[in-house]
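Novice: One file is attached below, model37.cif, containing mmCIF, C-alpha atoms and all ligand atoms.
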data_structure
loop_
_atom_site.label_atom_id
_atom_site.label_comp_id
_atom_site.auth_asym_id
_atom_site.auth_seq_id
_atom_site.Cartn_x
_atom_site.Cartn_y
_atom_site.Cartn_z
CA MET A 1 72.16 51.30 -49.97
CA THR A 2 75.32 49.24 -50.09
CA THR A 3 78.21 49.68 -52.49
CA ALA A 4 80.14 46.99 -54.36
CA LEU A 5 83.52 47.53 -56.01
CA ILE A 6 84.18 45.18 -58.93
CA THR A 7 87.55 44.88 -60.61
CA GLY A 8 87.61 43.78 -64.23
CA ALA A 9 84.06 45.01 -64.72
CA SER A 10 84.50 45.93 -68.38
CA SER A 11 83.90 42.40 -69.74
CA GLY A 12 83.20 38.77 -68.95
CA ILE A 13 82.55 37.66 -65.39
CA GLY A 14 83.05 41.15 -63.90
CA ALA A 15 80.52 42.78 -66.23
CA VAL A 16 77.90 40.15 -65.32
CA TYR A 17 78.58 40.68 -61.61
CA ALA A 18 77.99 44.40 -62.23
CA ARG A 19 74.65 43.70 -63.93
CA ARG A 20 73.50 41.28 -61.23
CA LEU A 21 74.60 43.41 -58.26
CA ALA A 22 73.02 46.54 -59.77
CA ALA A 23 69.78 44.57 -60.26
CA ARG A 24 69.95 43.72 -56.54
CA GLY A 25 70.10 47.46 -55.78
CA HIS A 26 73.78 47.86 -54.94
CA ASN A 27 75.60 51.03 -55.94
CA LEU A 28 78.75 50.15 -57.86
CA VAL A 29 82.34 51.17 -58.36
CA LEU A 30 83.52 49.73 -61.67
CA VAL A 31 87.26 49.25 -62.22
CA ALA A 32 89.19 48.25 -65.36
CA ARG A 33 91.36 49.84 -68.06
CA ALA A 34 88.72 50.27 -70.77
CA THR A 35 86.96 53.52 -69.75
CA ASP A 36 84.61 53.44 -72.76
CA ARG A 37 83.28 50.00 -71.86
CA LEU A 38 82.92 50.90 -68.18
CA SER A 39 81.08 54.13 -69.05
CA ALA A 40 78.70 52.32 -71.41
CA LEU A 41 77.97 49.72 -68.71
CA ALA A 42 77.46 52.48 -66.12
CA THR A 43 74.95 54.27 -68.36
CA GLU A 44 73.07 51.01 -68.97
CA LEU A 45 72.87 50.14 -65.27
CA ILE A 46 71.92 53.65 -64.07
CA GLN A 47 69.04 53.65 -66.56
CA ALA A 48 67.93 50.10 -65.75
CA HIS A 49 68.23 50.16 -61.96
CA GLY A 50 68.62 53.77 -60.78
CA VAL A 51 71.78 52.94 -58.81
CA LEU A 52 74.81 55.19 -58.34
CA ILE A 53 77.88 54.19 -60.32
CA GLU A 54 81.46 55.38 -60.11
CA VAL A 55 84.00 54.47 -62.76
CA ILE A 56 87.71 54.16 -62.00
CA THR A 57 90.02 53.63 -64.94
CA ALA A 58 93.01 51.74 -63.61
CA ASP A 59 95.62 49.35 -64.86
CA LEU A 60 96.05 47.20 -61.77
CA THR A 61 99.60 46.26 -62.80
CA ASP A 62 100.59 49.92 -62.38
CA SER A 63 101.29 50.72 -58.74
CA SER A 64 100.07 54.34 -58.84
CA GLN A 65 96.84 53.34 -60.63
CA LEU A 66 96.36 50.47 -58.18
CA GLU A 67 96.81 53.04 -55.41
CA SER A 68 93.82 55.04 -56.72
CA VAL A 69 91.61 51.94 -56.23
CA ILE A 70 93.13 51.33 -52.80
CA GLN A 71 92.29 54.93 -51.84
CA ARG A 72 88.68 54.45 -52.99
CA LEU A 73 88.41 51.30 -50.89
CA ARG A 74 89.56 53.28 -47.86
CA SER A 75 87.16 56.18 -48.40
CA GLU A 76 83.41 56.86 -48.15
CA PRO A 77 80.86 55.73 -49.04
CA ALA A 78 82.20 52.51 -47.59
CA ILE A 79 82.59 49.47 -49.82
CA ASP A 80 80.39 46.62 -48.60
CA ILE A 81 81.33 44.07 -51.27
CA LEU A 82 84.71 43.77 -52.99
CA VAL A 83 84.71 41.54 -56.06
CA ASN A 84 88.34 40.69 -56.77
CA ASN A 85 87.74 39.57 -60.33
CA ALA A 86 90.22 41.25 -62.70
CA GLY A 87 92.65 38.71 -64.02
CA ALA A 88 94.29 37.30 -67.08
CA GLY A 89 95.72 34.06 -68.42
CA LEU A 90 99.17 33.36 -69.77
CA ILE A 91 99.42 30.69 -72.41
CA GLY A 92 102.63 28.69 -72.58
CA ASP A 93 104.81 26.71 -70.25
CA PHE A 94 107.06 27.89 -67.46
CA THR A 95 110.31 26.96 -69.23
CA THR A 96 109.73 29.38 -72.07
CA ALA A 97 107.65 32.05 -70.34
CA ASP A 98 108.79 35.67 -70.60
CA PRO A 99 109.71 36.78 -67.04
CA THR A 100 108.28 40.25 -67.73
CA GLU A 101 104.92 38.72 -68.67
CA MET A 102 105.03 36.50 -65.57
CA HIS A 103 105.74 39.54 -63.42
CA LYS A 104 102.71 41.38 -64.87
CA LEU A 105 100.50 38.34 -64.34
CA LEU A 106 101.60 38.09 -60.71
CA GLN A 107 100.87 41.80 -60.23
CA LEU A 108 97.38 41.43 -61.72
CA ASN A 109 96.30 38.01 -60.42
CA VAL A 110 98.05 37.98 -57.03
CA LEU A 111 99.41 41.34 -55.82
CA ALA A 112 96.47 43.56 -56.80
CA PRO A 113 93.69 41.43 -55.23
CA THR A 114 95.79 41.00 -52.08
CA LEU A 115 96.37 44.73 -51.63
CA LEU A 116 92.74 45.54 -52.48
CA ALA A 117 91.48 43.07 -49.88
CA SER A 118 93.96 44.51 -47.40
CA ALA A 119 92.71 48.05 -48.08
CA VAL A 120 89.10 47.24 -47.25
CA ILE A 121 89.11 44.42 -44.71
CA SER A 122 89.90 46.36 -41.54
CA SER A 123 86.97 48.74 -42.05
CA MET A 124 84.72 45.71 -42.71
CA VAL A 125 85.92 44.12 -39.47
CA LYS A 126 85.29 47.39 -37.62
CA ARG A 127 81.73 47.55 -38.99
CA GLY A 128 81.22 43.82 -38.40
CA SER A 129 79.94 43.37 -41.94
CA GLY A 130 81.08 43.18 -45.54
CA SER A 131 82.01 40.60 -48.15
CA ILE A 132 85.00 39.83 -50.34
CA ILE A 133 84.50 37.65 -53.41
CA ASN A 134 87.74 36.29 -54.85
CA ILE A 135 87.59 34.82 -58.34
CA ALA A 136 89.97 31.85 -58.38
CA SER A 137 89.65 28.89 -60.79
CA VAL A 138 89.18 25.11 -60.73
CA LEU A 139 92.80 25.07 -61.94
CA ALA A 140 93.71 25.92 -58.34
CA LEU A 141 92.84 22.27 -57.67
CA LEU A 142 94.09 20.90 -60.99
CA PRO A 143 97.43 22.57 -61.69
CA GLU A 144 98.73 19.63 -63.73
CA TYR A 145 96.16 20.60 -66.35
CA SER A 146 97.65 24.04 -66.93
CA PRO A 147 101.32 24.70 -67.72
CA GLY A 148 102.99 27.90 -66.50
CA ILE A 149 102.04 30.05 -63.51
CA TYR A 150 98.33 30.77 -64.12
CA ALA A 151 97.11 27.85 -61.97
CA ALA A 152 99.49 28.87 -59.18
CA THR A 153 98.07 32.41 -59.18
CA LYS A 154 94.56 30.97 -58.83
CA SER A 155 95.66 28.54 -56.13
CA TYR A 156 96.92 31.60 -54.25
CA MET A 157 93.44 33.15 -54.48
CA LEU A 158 91.88 30.03 -53.02
CA THR A 159 94.43 29.80 -50.20
CA LEU A 160 94.16 33.52 -49.45
CA SER A 161 90.38 33.18 -49.23
CA GLN A 162 90.66 30.26 -46.80
CA SER A 163 93.15 32.18 -44.62
CA LEU A 164 91.03 35.34 -44.64
CA ALA A 165 87.87 33.39 -43.82
CA ALA A 166 89.59 31.77 -40.84
CA GLU A 167 90.56 35.25 -39.64
CA VAL A 168 87.43 37.32 -40.22
CA THR A 169 84.34 35.10 -40.45
CA SER A 170 83.82 35.30 -36.68
CA LYS A 171 84.04 39.12 -37.00
CA GLY A 172 81.06 39.32 -39.36
CA VAL A 173 82.98 39.51 -42.65
CA TYR A 174 82.13 36.98 -45.35
CA ILE A 175 84.78 35.64 -47.74
CA GLN A 176 83.91 33.63 -50.85
CA ALA A 177 86.27 31.97 -53.32
CA VAL A 178 84.61 31.25 -56.66
CA LEU A 179 86.24 28.56 -58.77
CA PRO A 180 84.97 28.76 -62.35
CA ALA A 181 85.91 26.13 -64.91
CA ALA A 182 86.02 27.15 -68.58
CA THR A 183 83.62 30.07 -68.99
CA ARG A 184 82.76 31.94 -72.20
CA THR A 185 84.59 35.26 -71.84
CA GLU A 186 87.37 37.12 -73.60
CA ILE A 187 90.10 35.62 -71.43
CA PHE A 188 91.14 32.90 -73.88
CA GLU A 189 91.48 35.22 -76.89
CA ARG A 190 93.23 37.89 -74.80
CA ALA A 191 95.87 35.31 -73.83
CA GLY A 192 96.31 34.23 -77.44
CA GLY A 193 94.16 31.09 -77.10
CA ASP A 194 91.06 29.91 -78.97
CA ILE A 195 87.87 29.26 -77.00
CA SER A 196 86.42 27.15 -79.82
CA LYS A 197 88.99 24.48 -78.93
CA VAL A 198 87.91 24.38 -75.26
CA PRO A 199 85.31 21.69 -74.36
CA ASN A 200 82.35 22.15 -71.98
CA VAL A 201 82.37 25.94 -71.80
CA MET A 202 79.88 27.44 -69.34
CA GLU A 203 77.98 30.60 -70.29
CA VAL A 204 79.16 33.54 -68.21
CA GLU A 205 75.66 34.47 -66.98
CA ASP A 206 75.14 30.90 -65.71
CA LEU A 207 78.50 31.01 -63.92
CA VAL A 208 77.79 34.28 -62.11
CA ASP A 209 74.20 33.36 -61.23
CA ALA A 210 75.42 30.10 -59.69
CA ALA A 211 78.23 31.92 -57.85
CA LEU A 212 75.65 34.32 -56.41
CA VAL A 213 73.56 31.39 -55.13
CA GLY A 214 76.72 30.27 -53.32
CA PHE A 215 77.20 33.86 -52.10
CA ASP A 216 73.67 34.00 -50.70
CA ARG A 217 74.31 30.68 -48.93
CA LYS A 218 77.57 32.10 -47.57
CA GLU A 219 79.66 29.26 -48.99
CA LEU A 220 83.40 29.71 -48.50
CA VAL A 221 84.17 27.88 -51.74
CA THR A 222 81.78 27.82 -54.69
CA ILE A 223 82.56 25.57 -57.67
CA PRO A 224 79.59 26.03 -60.04
CA PRO A 225 80.19 23.09 -62.41
CA VAL A 226 80.67 20.37 -59.76
CA PRO A 227 77.40 18.36 -59.71
CA GLU A 228 77.58 16.97 -56.16
CA VAL A 229 78.71 19.05 -53.18
CA ALA A 230 79.66 15.72 -51.55
CA ALA A 231 82.74 15.64 -53.82
CA TRP A 232 84.00 18.90 -52.33
CA GLU A 233 83.13 17.79 -48.81
CA ALA A 234 85.08 14.54 -49.30
CA PHE A 235 88.05 16.58 -50.53
CA GLU A 236 87.90 18.80 -47.44
CA GLN A 237 87.57 15.78 -45.19
CA ALA A 238 90.67 14.22 -46.76
CA ARG A 239 92.52 17.49 -46.13
CA GLY A 240 91.51 17.27 -42.49
CA VAL A 241 92.82 13.69 -42.25
CA LEU A 242 96.13 14.81 -43.78
CA ALA A 243 96.32 17.82 -41.47
CA SER A 244 95.91 15.63 -38.40
CA GLY A 245 99.37 14.29 -39.21
CA PHE A 246 101.03 17.71 -39.31
CA SER A 247 101.49 18.17 -35.57
CA ASN A 248 104.17 15.56 -34.95
CA ALA A 249 107.53 16.58 -33.56
CA GLU A 250 109.19 13.52 -35.13
CA PRO A 251 109.48 12.72 -38.84
CA ALA A 252 107.30 9.83 -39.96
CA ALA A 253 108.79 6.35 -39.57
CA ARG A 254 109.19 5.99 -43.36
CA TYR A 255 111.74 8.84 -43.33
CA ARG A 256 113.82 7.36 -40.51
CA SER A 257 115.44 4.51 -42.43
N1 LIG A 301 86.74 32.59 -68.29
C1 LIG A 301 87.22 31.51 -67.70
O1 LIG A 301 87.20 30.39 -68.24
C2 LIG A 301 87.75 31.62 -66.29
C3 LIG A 301 87.93 30.44 -65.56
C4 LIG A 301 88.43 30.52 -64.28
C5 LIG A 301 88.72 31.74 -63.72
N2 LIG A 301 88.54 32.89 -64.46
C6 LIG A 301 88.89 34.17 -63.83
O2 LIG A 301 87.81 35.07 -63.98
C7 LIG A 301 88.30 36.40 -63.86
C8 LIG A 301 87.63 37.27 -64.91
O3 LIG A 301 88.07 36.87 -66.19
P1 LIG A 301 87.08 36.71 -67.43
O4 LIG A 301 87.03 35.28 -67.76
O5 LIG A 301 85.83 37.43 -67.19
O6 LIG A 301 87.97 37.39 -68.57
P2 LIG A 301 87.84 38.74 -69.38
O7 LIG A 301 86.54 38.83 -70.09
O8 LIG A 301 89.10 38.83 -70.18
O9 LIG A 301 87.83 39.85 -68.25
C9 LIG A 301 88.99 40.25 -67.59
C10 LIG A 301 88.72 41.58 -66.91
O10 LIG A 301 89.91 41.96 -66.23
C11 LIG A 301 90.26 43.28 -66.65
N3 LIG A 301 91.70 43.44 -66.68
C12 LIG A 301 92.60 42.71 -67.39
N4 LIG A 301 93.84 43.20 -67.22
C13 LIG A 301 93.71 44.26 -66.37
C14 LIG A 301 94.62 45.19 -65.82
N5 LIG A 301 95.94 45.15 -66.11
N6 LIG A 301 94.14 46.14 -64.99
C15 LIG A 301 92.83 46.22 -64.69
N7 LIG A 301 91.90 45.37 -65.20
C16 LIG A 301 92.36 44.41 -66.03
C17 LIG A 301 89.68 43.43 -68.04
O11 LIG A 301 89.39 44.80 -68.34
P3 LIG A 301 90.28 45.82 -69.20
O12 LIG A 301 90.87 45.07 -70.33
O13 LIG A 301 89.31 46.87 -69.57
O14 LIG A 301 91.30 46.32 -68.23
C18 LIG A 301 88.38 42.67 -67.91
O15 LIG A 301 87.39 43.50 -67.38
C19 LIG A 301 89.81 36.31 -63.95
O16 LIG A 301 90.37 36.47 -62.67
C20 LIG A 301 90.06 34.91 -64.46
O17 LIG A 301 91.30 34.38 -64.03
C21 LIG A 301 88.05 32.85 -65.72
#
Do you think you could lay out the structure here as structure tokens?
Specialist:
Amino acid sequence: MTTALITGASSGIGAVYARRLAARGHNLVLVARATDRLSALATELIQAHGVLIEVITADLTDSSQLESVIQRLRSEPAIDILVNNAGAGLIGDFTTADPTEMHKLLQLNVLAPTLLASAVISSMVKRGSGSIINIASVLALLPEYSPGIYAATKSYMLTLSQSLAAEVTSKGVYIQAVLPAATRTEIFERAGGDISKVPNVMEVEDLVDAALVGFDRKELVTIPPVPEVAAWEAFEQARGVLASGFSNAEPAARYRS
């Protein structure tokens, strides 16, 4: 049996990943701060699916607690799937943001998933198998829509996924970036927002089920709400056209006035 480690498994997207991966027969390591919620979920999933479940209570913004998750990723039984899901929003614009809050957000949304991926990827490469699912956001591609640093943290997750995929896909390790749009979870209320004011909210089960279809197809980037994959392919093609202009030793003529 394979084992999946899911961060932020106590609610929202992470809890649905836990339910779906347990139903597929994976043993789980559930990580979040709320031990009571993790334990209740573990009991439910052991009874429903007979899988093995470990619970790690950890605040991923605390370096020693993050270290306990890193140690689990480096130990046995080996982790076959890492779901880098834990994350939070930060309402408000950059000009007025509290630097301490920004620091915590960067630790949770950027530093923790990076170090967790780092802790597990070399053993996956050695085995020639394993998957890392990084939960980014459509705001990675639409930062103008979101003031403050949240979109930048999610853009980092997309870019990290693309870099990792370029490095490890040929070694048998699969990387997926999932870009949800507005999804019905606790994230809005936790950040001081109001989900009832957000239009076109996707149900969290629909989001995760769609993301898992993308996972099974081994997509690098999965954007569940986008109706036509051609839109993403056109975007990627445009990126390729732009990139073909990067390898010039001279500045473009328009900058040589
Ligand atoms: N919902 C959306 O519209 C949406 C859209 C795009 C992307 N996303 C991304 O989806 C991911 C999951 O969010 P969600 O929407 O499912 O929100 P959620 O219901 O608020 O879940 C967030 C999860 O992260 C955990 N978490 C928060 N702070 C933590 C910390 N310091 N240490 C460890 N765990 C922590 C929470 O557990 P504890 O409180 O128990 O620690 C919870 O399990 C996030 O990365 C988010 O950026 C969400």
Novice: What residues of the protein or nucleic acid chains come within 6 Å of ligand LIG 301 (chain A) when you use all atoms listed in the file? Reply as a compact mmCIF listing (two decimals) with C-alpha atoms, keeping the file's coordinate frame.
Specialist:
# COMPACT_ATOMS: atom_id res chain seq x y z
CA GLY A 8 87.61 43.78 -64.23
CA ALA A 9 84.06 45.01 -64.72
CA SER A 10 84.50 45.93 -68.38
CA SER A 11 83.90 42.40 -69.74
CA GLY A 12 83.20 38.77 -68.95
CA ILE A 13 82.55 37.66 -65.39
CA GLY A 14 83.05 41.15 -63.90
CA ALA A 32 89.19 48.25 -65.36
CA ARG A 33 91.36 49.84 -68.06
CA ALA A 34 88.72 50.27 -70.77
CA ALA A 58 93.01 51.74 -63.61
CA ASP A 59 95.62 49.35 -64.86
CA LEU A 60 96.05 47.20 -61.77
CA THR A 61 99.60 46.26 -62.80
CA ASN A 85 87.74 39.57 -60.33
CA ALA A 86 90.22 41.25 -62.70
CA GLY A 87 92.65 38.71 -64.02
CA ALA A 88 94.29 37.30 -67.08
CA LEU A 108 97.38 41.43 -61.72
CA ILE A 135 87.59 34.82 -58.34
CA ALA A 136 89.97 31.85 -58.38
CA SER A 137 89.65 28.89 -60.79
CA PRO A 180 84.97 28.76 -62.35
CA ALA A 181 85.91 26.13 -64.91
CA ALA A 182 86.02 27.15 -68.58
CA THR A 183 83.62 30.07 -68.99
CA ARG A 184 82.76 31.94 -72.20
CA THR A 185 84.59 35.26 -71.84
CA GLU A 186 87.37 37.12 -73.60
CA ILE A 187 90.10 35.62 -71.43
Novice: Point out the residue among A:Ala234, A:Leu21, A:Ala112, A:Ala42 with the least atom-to-atom distance to Val69 in chain A, counting only C-alpha atoms.
Specialist: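 Answer, going by the shortest atom-to-atom distance: A:Ala112.
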Novice: Expressed in Å to a single decimal, how great is the separation between CA of Met202 in chain A and CA of Ser155 in chain A?
Specialist: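 Interatomic distance here is 20.6 Å.
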Novice: Neighbouring residues of Ile53 in chain A were defined as those with any atom within 9 Å, considering all atoms listed in the file; residues of the same chain fewer than 3 positions away were excluded. Please report them as a PyMOL selection string.
Specialist: chain A and resi 27-30+42-43+45-46
Novice: Which one is closest to Arg20 in chain A: A:Glu67, A:Asp216, A:Glu205, A:Glu236? Count all atoms listed in the file.
Specialist: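 That would be A:Glu205, the residue with the smallest distance to Arg20 in chain A.
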Novice: Which value, in Å to one decimal, gives the distance between CA of Ser68 in chain A and CA of Leu41 in chain A?
Specialist: 20.6 Å
Novice: Kindly output range 148-182 of chain A as a PDB file, in the frame of the given file, after building N, CA and C atoms.
Specialist:
ATOM      1  N   GLY A 148     102.702  26.503 -66.845  1.00  0.00           N
ATOM      2  CA  GLY A 148     102.990  27.900 -66.500  1.00  0.00           C
ATOM      3  C   GLY A 148     102.441  28.266 -65.131  1.00  0.00           C
ATOM      4  N   ILE A 149     102.337  29.581 -64.878  1.00  0.00           N
ATOM      5  CA  ILE A 149     102.040  30.050 -63.510  1.00  0.00           C
ATOM      6  C   ILE A 149     100.576  30.407 -63.270  1.00  0.00           C
ATOM      7  N   TYR A 150      99.723  30.336 -64.308  1.00  0.00           N
ATOM      8  CA  TYR A 150      98.330  30.770 -64.120  1.00  0.00           C
ATOM      9  C   TYR A 150      97.666  29.995 -62.973  1.00  0.00           C
ATOM     10  N   ALA A 151      97.775  28.650 -62.999  1.00  0.00           N
ATOM     11  CA  ALA A 151      97.110  27.850 -61.970  1.00  0.00           C
ATOM     12  C   ALA A 151      97.630  28.219 -60.576  1.00  0.00           C
ATOM     13  N   ALA A 152      98.924  28.498 -60.484  1.00  0.00           N
ATOM     14  CA  ALA A 152      99.490  28.870 -59.180  1.00  0.00           C
ATOM     15  C   ALA A 152      98.906  30.187 -58.689  1.00  0.00           C
ATOM     16  N   THR A 153      98.667  31.134 -59.614  1.00  0.00           N
ATOM     17  CA  THR A 153      98.070  32.410 -59.180  1.00  0.00           C
ATOM     18  C   THR A 153      96.656  32.168 -58.642  1.00  0.00           C
ATOM     19  N   LYS A 154      95.942  31.227 -59.243  1.00  0.00           N
ATOM     20  CA  LYS A 154      94.560  30.970 -58.830  1.00  0.00           C
ATOM     21  C   LYS A 154      94.525  30.138 -57.543  1.00  0.00           C
ATOM     22  N   SER A 155      95.525  29.277 -57.379  1.00  0.00           N
ATOM     23  CA  SER A 155      95.660  28.540 -56.130  1.00  0.00           C
ATOM     24  C   SER A 155      95.900  29.516 -54.976  1.00  0.00           C
ATOM     25  N   TYR A 156      96.679  30.547 -55.251  1.00  0.00           N
ATOM     26  CA  TYR A 156      96.920  31.600 -54.250  1.00  0.00           C
ATOM     27  C   TYR A 156      95.600  32.237 -53.829  1.00  0.00           C
ATOM     28  N   MET A 157      94.731  32.509 -54.799  1.00  0.00           N
ATOM     29  CA  MET A 157      93.440  33.150 -54.480  1.00  0.00           C
ATOM     30  C   MET A 157      92.578  32.258 -53.601  1.00  0.00           C
ATOM     31  N   LEU A 158      92.640  30.953 -53.862  1.00  0.00           N
ATOM     32  CA  LEU A 158      91.880  30.030 -53.020  1.00  0.00           C
ATOM     33  C   LEU A 158      92.462  30.002 -51.599  1.00  0.00           C
ATOM     34  N   THR A 159      93.781  29.864 -51.521  1.00  0.00           N
ATOM     35  CA  THR A 159      94.430  29.800 -50.200  1.00  0.00           C
ATOM     36  C   THR A 159      94.228  31.090 -49.425  1.00  0.00           C
ATOM     37  N   LEU A 160      94.373  32.222 -50.116  1.00  0.00           N
ATOM     38  CA  LEU A 160      94.160  33.520 -49.450  1.00  0.00           C
ATOM     39  C   LEU A 160      92.733  33.592 -48.893  1.00  0.00           C
ATOM     40  N   SER A 161      91.781  33.130 -49.678  1.00  0.00           N
ATOM     41  CA  SER A 161      90.380  33.180 -49.230  1.00  0.00           C
ATOM     42  C   SER A 161      90.194  32.327 -47.977  1.00  0.00           C
ATOM     43  N   GLN A 162      90.804  31.146 -47.966  1.00  0.00           N
ATOM     44  CA  GLN A 162      90.660  30.260 -46.800  1.00  0.00           C
ATOM     45  C   GLN A 162      91.317  30.892 -45.564  1.00  0.00           C
ATOM     46  N   SER A 163      92.481  31.509 -45.760  1.00  0.00           N
ATOM     47  CA  SER A 163      93.150  32.180 -44.620  1.00  0.00           C
ATOM     48  C   SER A 163      92.314  33.344 -44.116  1.00  0.00           C
ATOM     49  N   LEU A 164      91.824  34.172 -45.046  1.00  0.00           N
ATOM     50  CA  LEU A 164      91.030  35.340 -44.640  1.00  0.00           C
ATOM     51  C   LEU A 164      89.764  34.899 -43.916  1.00  0.00           C
ATOM     52  N   ALA A 165      89.117  33.855 -44.454  1.00  0.00           N
ATOM     53  CA  ALA A 165      87.870  33.390 -43.820  1.00  0.00           C
ATOM     54  C   ALA A 165      88.140  32.946 -42.396  1.00  0.00           C
ATOM     55  N   ALA A 166      89.265  32.235 -42.202  1.00  0.00           N
ATOM     56  CA  ALA A 166      89.590  31.770 -40.840  1.00  0.00           C
ATOM     57  C   ALA A 166      89.778  32.968 -39.907  1.00  0.00           C
ATOM     58  N   GLU A 167      90.263  34.073 -40.465  1.00  0.00           N
ATOM     59  CA  GLU A 167      90.560  35.250 -39.640  1.00  0.00           C
ATOM     60  C   GLU A 167      89.337  36.116 -39.373  1.00  0.00           C
ATOM     61  N   VAL A 168      88.457  36.273 -40.362  1.00  0.00           N
ATOM     62  CA  VAL A 168      87.430  37.320 -40.220  1.00  0.00           C
ATOM     63  C   VAL A 168      85.982  36.839 -40.193  1.00  0.00           C
ATOM     64  N   THR A 169      85.737  35.556 -40.449  1.00  0.00           N
ATOM     65  CA  THR A 169      84.340  35.100 -40.450  1.00  0.00           C
ATOM     66  C   THR A 169      83.672  35.368 -39.098  1.00  0.00           C
ATOM     67  N   SER A 170      84.409  35.105 -38.022  1.00  0.00           N
ATOM     68  CA  SER A 170      83.820  35.300 -36.680  1.00  0.00           C
ATOM     69  C   SER A 170      83.618  36.785 -36.382  1.00  0.00           C
ATOM     70  N   LYS A 171      84.190  37.672 -37.222  1.00  0.00           N
ATOM     71  CA  LYS A 171      84.040  39.120 -37.000  1.00  0.00           C
ATOM     72  C   LYS A 171      82.974  39.705 -37.921  1.00  0.00           C
ATOM     73  N   GLY A 172      82.201  38.842 -38.562  1.00  0.00           N
ATOM     74  CA  GLY A 172      81.060  39.320 -39.360  1.00  0.00           C
ATOM     75  C   GLY A 172      81.381  39.570 -40.823  1.00  0.00           C
ATOM     76  N   VAL A 173      82.606  39.272 -41.240  1.00  0.00           N
ATOM     77  CA  VAL A 173      82.980  39.510 -42.650  1.00  0.00           C
ATOM     78  C   VAL A 173      82.957  38.186 -43.396  1.00  0.00           C
ATOM     79  N   TYR A 174      82.308  38.204 -44.553  1.00  0.00           N
ATOM     80  CA  TYR A 174      82.130  36.980 -45.350  1.00  0.00           C
ATOM     81  C   TYR A 174      83.125  36.957 -46.513  1.00  0.00           C
ATOM     82  N   ILE A 175      83.816  35.836 -46.648  1.00  0.00           N
ATOM     83  CA  ILE A 175      84.780  35.640 -47.740  1.00  0.00           C
ATOM     84  C   ILE A 175      84.282  34.490 -48.614  1.00  0.00           C
ATOM     85  N   GLN A 176      84.283  34.704 -49.912  1.00  0.00           N
ATOM     86  CA  GLN A 176      83.910  33.630 -50.850  1.00  0.00           C
ATOM     87  C   GLN A 176      84.995  33.500 -51.925  1.00  0.00           C
ATOM     88  N   ALA A 177      85.419  32.263 -52.145  1.00  0.00           N
ATOM     89  CA  ALA A 177      86.270  31.970 -53.320  1.00  0.00           C
ATOM     90  C   ALA A 177      85.386  31.298 -54.355  1.00  0.00           C
ATOM     91  N   VAL A 178      85.369  31.847 -55.556  1.00  0.00           N
ATOM     92  CA  VAL A 178      84.610  31.250 -56.660  1.00  0.00           C
ATOM     93  C   VAL A 178      85.608  30.587 -57.598  1.00  0.00           C
ATOM     94  N   LEU A 179      85.331  29.318 -57.897  1.00  0.00           N
ATOM     95  CA  LEU A 179      86.240  28.560 -58.770  1.00  0.00           C
ATOM     96  C   LEU A 179      85.513  28.211 -60.070  1.00  0.00           C
ATOM     97  N   PRO A 180      85.579  29.108 -61.062  1.00  0.00           N
ATOM     98  CA  PRO A 180      84.970  28.760 -62.350  1.00  0.00           C
ATOM     99  C   PRO A 180      85.833  27.732 -63.070  1.00  0.00           C
ATOM    100  N   ALA A 181      85.172  26.886 -63.894  1.00  0.00           N
ATOM    101  CA  ALA A 181      85.910  26.130 -64.910  1.00  0.00           C
ATOM    102  C   ALA A 181      85.811  26.977 -66.184  1.00  0.00           C
ATOM    103  N   ALA A 182      86.023  26.373 -67.342  1.00  0.00           N
ATOM    104  CA  ALA A 182      86.020  27.150 -68.580  1.00  0.00           C
ATOM    105  C   ALA A 182      84.698  27.904 -68.740  1.00  0.00           C
TER     106      ALA A 182
END
